[in-house]
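The data block below is query-v6.csv; it holds CSV, C-alpha atoms.
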```
chain,number,residue,atom,x,y,z
Q,194,MET,CA,120.6,82.5,91.5
Q,195,SER,CA,124.3,83.2,91.2
Q,196,CYS,CA,126.5,84.6,93.9
Q,197,GLN,CA,128.0,88.0,93.2
Q,198,THR,CA,131.8,88.5,93.7
Q,199,LEU,CA,133.1,91.6,95.3
Q,200,SER,CA,134.3,93.0,92.0
Q,201,GLN,CA,130.8,92.5,90.5
Q,202,LEU,CA,129.3,94.4,93.4
Q,203,GLN,CA,131.8,97.2,93.0
Q,204,GLN,CA,130.8,97.5,89.3
Q,205,SER,CA,127.2,97.7,90.4
Q,206,VAL,CA,127.8,100.9,92.4
Q,207,PRO,CA,126.4,103.6,90.2
Q,208,VAL,CA,128.7,106.5,89.2
Q,209,PRO,CA,126.6,109.6,89.6
Q,210,ILE,CA,126.6,111.8,86.5
Q,211,ASP,CA,126.8,115.5,87.3
Q,212,THR,CA,124.6,117.3,84.8
Q,213,GLY,CA,125.5,120.7,86.2
Q,214,SER,CA,121.9,121.8,86.3
Q,215,ASP,CA,119.5,121.2,89.2
Q,216,GLN,CA,121.1,119.4,92.1
Q,217,LYS,CA,119.2,116.1,92.4
Q,218,LEU,CA,120.2,113.8,95.3
Q,219,LYS,CA,122.1,110.6,94.5
Q,220,ILE,CA,121.2,107.8,96.9
Q,221,VAL,CA,122.6,104.3,96.6
Q,222,ALA,CA,120.6,101.6,98.4
Q,223,PHE,CA,121.9,98.1,98.9
Q,224,LEU,CA,118.8,95.9,99.4
Q,225,CYS,CA,118.8,92.3,100.6
Q,226,ASN,CA,117.2,90.0,98.0
Q,227,TRP,CA,114.9,88.1,100.4
Q,228,CYS,CA,113.5,90.8,102.5
Q,229,SER,CA,114.1,94.5,101.8
Q,230,TYR,CA,114.1,94.1,98.0
Q,231,ALA,CA,110.8,92.3,98.3
Q,232,GLY,CA,109.5,95.1,100.6
Q,233,ALA,CA,110.6,97.6,97.9
Q,234,ASP,CA,108.8,95.6,95.3
Q,235,LYS,CA,105.7,95.5,97.4
Q,236,ALA,CA,105.9,99.2,97.9
Q,237,GLY,CA,106.0,99.7,94.2
Q,238,ALA,CA,103.1,97.3,93.6
Q,239,ASN,CA,101.1,99.2,96.2
Q,240,GLN,CA,102.0,102.5,94.5
Q,241,LEU,CA,103.5,103.9,97.7
Q,242,PRO,CA,105.8,106.8,97.3
Q,243,VAL,CA,109.5,105.9,96.9
Q,244,PRO,CA,112.1,108.6,96.1
Q,245,ALA,CA,113.2,108.7,92.4
Q,246,GLU,CA,116.7,109.5,93.7
Q,247,LEU,CA,117.1,106.0,94.9
Q,248,SER,CA,119.6,103.8,92.9
Q,249,VAL,CA,118.9,100.2,94.1
Q,250,ILE,CA,121.5,97.5,94.1
Q,251,ARG,CA,120.0,94.1,94.8
Q,252,VAL,CA,122.4,91.9,96.8
Q,253,MET,CA,121.7,88.3,97.9
Q,254,CYS,CA,122.5,89.2,101.5
Q,255,SER,CA,123.3,92.5,103.3
Q,256,GLY,CA,126.3,90.7,104.8
Q,257,ARG,CA,127.8,90.8,101.3
Q,258,VAL,CA,128.0,94.6,101.4
Q,259,GLU,CA,131.6,95.3,102.3
Q,260,PRO,CA,132.4,98.7,103.9
Q,261,THR,CA,134.6,99.5,100.9
Q,262,LEU,CA,131.5,99.4,98.7
Q,263,ILE,CA,129.8,102.0,100.9
Q,264,LEU,CA,132.9,104.2,100.9
Q,265,GLU,CA,133.3,103.8,97.1
Q,266,ALA,CA,129.7,105.0,96.7
Q,267,PHE,CA,130.5,108.1,98.7
Q,268,ALA,CA,133.7,108.7,96.9
Q,269,SER,CA,131.8,108.4,93.6
Q,270,GLY,CA,129.6,111.3,94.6
Q,271,ALA,CA,126.6,109.6,96.4
Q,272,ASP,CA,124.8,112.0,98.7
Q,273,GLY,CA,123.6,109.1,100.8
Q,274,VAL,CA,124.0,105.3,101.1
Q,275,MET,CA,121.5,102.9,102.6
Q,276,VAL,CA,121.9,99.2,103.6
Q,277,LEU,CA,118.6,97.5,104.2
Q,278,ALA,CA,118.7,94.1,105.7
Q,279,CYS,CA,116.5,91.2,107.0
Q,280,HIS,CA,115.3,91.5,110.6
Q,281,PRO,CA,117.5,89.6,113.1
Q,282,GLY,CA,116.6,85.9,113.1
Q,283,ASP,CA,115.2,86.1,109.5
Q,284,CYS,CA,118.4,86.0,107.5
Q,285,HIS,CA,118.4,83.3,104.8
Q,286,TYR,CA,122.2,83.1,105.3
Q,287,LYS,CA,122.0,82.7,109.1
Q,288,GLN,CA,123.9,85.7,110.3
Q,289,GLY,CA,124.6,88.0,107.3
Q,290,ASN,CA,122.3,90.7,108.6
Q,291,LEU,CA,124.0,90.7,112.0
Q,292,GLN,CA,127.4,91.0,110.3
Q,293,ALA,CA,126.0,93.9,108.2
Q,294,ALA,CA,124.8,95.6,111.4
Q,295,CYS,CA,128.2,95.3,113.0
Q,296,ARG,CA,129.8,96.8,109.9
Q,297,ALA,CA,127.2,99.6,109.9
Q,298,GLU,CA,128.0,100.5,113.5
Q,299,LEU,CA,131.7,100.7,112.8
Q,300,LEU,CA,131.1,102.8,109.6
Q,301,GLU,CA,128.9,105.3,111.6
Q,302,LYS,CA,132.0,105.9,113.8
Q,303,LEU,CA,134.5,105.9,110.9
Q,304,LEU,CA,132.6,108.2,108.4
Q,305,PRO,CA,133.0,111.5,110.4
Q,306,GLN,CA,136.8,110.8,110.6
Q,307,LEU,CA,136.8,110.7,106.8
Q,308,GLY,CA,134.9,113.9,106.6
Q,309,VAL,CA,131.5,112.3,105.8
Q,310,ASP,CA,128.5,113.2,107.9
Q,311,ALA,CA,127.3,109.9,109.5
Q,312,GLN,CA,123.7,110.9,108.9
Q,313,ARG,CA,124.3,110.4,105.2
Q,314,PHE,CA,124.4,106.7,105.9
Q,315,CYS,CA,121.4,104.6,106.9
Q,316,PHE,CA,121.2,101.0,108.1
Q,317,ASP,CA,117.9,99.4,108.9
Q,318,TYR,CA,115.8,96.3,108.8
Q,319,ILE,CA,113.0,95.8,106.4
Q,320,SER,CA,110.9,92.6,105.9
Q,321,ALA,CA,109.1,91.6,102.7
Q,322,ALA,CA,105.8,92.6,104.4
Q,323,GLU,CA,107.0,96.1,105.3
Q,324,ALA,CA,106.2,98.1,102.2
Q,325,GLU,CA,104.9,101.0,104.2
Q,326,LYS,CA,108.1,101.1,106.3
Q,327,PHE,CA,110.2,101.0,103.2
Q,328,SER,CA,108.4,103.9,101.7
Q,329,ARG,CA,108.5,105.9,105.0
Q,330,LEU,CA,112.2,105.1,105.6
Q,331,THR,CA,113.4,105.9,102.1
Q,332,SER,CA,111.3,109.1,101.9
Q,333,GLY,CA,112.5,110.2,105.4
Q,334,PHE,CA,116.2,109.5,104.5
Q,335,CYS,CA,115.8,111.5,101.3
Q,336,ALA,CA,114.3,114.5,103.2
Q,337,ARG,CA,117.1,114.3,105.8
Q,338,LEU,CA,119.7,114.3,103.0
Q,339,GLN,CA,118.1,117.4,101.4
Q,340,VAL,CA,118.5,119.3,104.6
Q,341,ILE,CA,122.1,118.1,105.0
Q,342,CYS,CA,123.0,119.0,101.4
Q,343,LYS,CA,121.4,122.5,101.7
Q,344,LYS,CA,123.4,123.2,104.9
Q,345,GLN,CA,126.6,122.1,103.1
Q,346,VAL,CA,125.9,124.3,100.1
Q,347,ALA,CA,125.1,127.2,102.4
Q,348,ALA,CA,128.4,126.6,104.3
Q,349,LYS,CA,130.4,126.6,101.0
Q,350,ASN,CA,128.8,129.9,99.9
Q,351,ILE,CA,129.8,131.5,103.1
Q,352,VAL,CA,133.4,130.6,102.7
```
Would you kindly transcribe this structure into structure tokens?
Amino acid sequence: MSCQTLSQLQQSVPVPIDTGSDQKLKIVAFLCNWCSYAGADKAGANQLPVPAELSVIRVMCSGRVEPTLILEAFASGADGVMVLACHPGDCHYKQGNLQAACRAELLEKLLPQLGVDAQRFCFDYISAAEAEKFSRLTSGFCARLQVICKKQVAAKNIV
């Protein structure tokens, strides 16, 4: 498998298309190839519910997800961004998942300063065997975003 450069990853971030009609959520999910992507695949194979609003970007390691990619996803109109990594100690690249966790912690503090609700970002660990957790986590994140987006729309209508 080839290694993706930062510019290739940036090109992978989907640009949401606003159809103007019903407001569907736009969720960008960066999934580690070895664990969380395999967990997502298993969820699909087991026919577990996974939100259709999820746009998956498969990365070799969650440590490759630069904070700028997450910010670009939000700037492009994503309602939510997820980074799902291998559990600590299970990273195929030794410490990529720990690096991603540190970045996520910093982003959660930075996002409110940029006017983005930190609850619109999710970082978690998913193993290849955790299809049920993948389904539960993504569905829960989608439900949380629906509530956040409804509150934002209501606040805009008041003003």
Which residues are close to Ala294 (chain Q), i.e. within 9 Å by only C-alpha atoms, leaving aside same-chain residues fewer than 6 positions away? Reply as a list in words. Ser255, Gly256, Ala278, Phe316 and Asp317 of chain Q
Find the spatial neighbours of Phe267 (chain Q), counting only C-alpha atoms, within a cut-off of 12 Å - ignore same-chain residues fewer than 2 positions away - and output them as a PyMOL selection string. chain Q and resi 206-209+219-222+260-265+269-275+304+307-311+313-314
As number ranges by chain, please: the residues near Ala231 (chain Q) (cut-off 9 Å, all atoms listed in the file, same-chain neighbours under 2 positions excluded). Q: 224-229, 233-236, 320-324
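Going from CA of Phe334 (chain Q) over to CA of Gln312 (chain Q), you cover 8.8 Å.
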Within 9 Å of (108.2, 104.4, 101.7) (file coordinates; all atoms listed in the file), which protein or nucleic acid residues are there? I'd like them as number ranges by chain. Q: 233, 236, 241-244, 324-333
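Pairwise distance (CA of His280 (chain Q), CA of Ile319 (chain Q)) equals 6.4 Å.
One distance worth recording is that between CA of Cys284 (chain Q) and CA of Glu246 (chain Q), which is 27.3 Å.
Distances here use only C-alpha atoms; by that measure, the residue among Q:Lys302, Q:Ala245, Q:Leu291, Q:Phe223 closest to Ala266 (chain Q) is Q:Phe223.
With only C-alpha atoms as the atoms that count, the residue of Q:Asn290, Q:Gln204, Q:Gln240, Q:Asn350 with the shortest distance to Leu277 (chain Q) is Q:Asn290.
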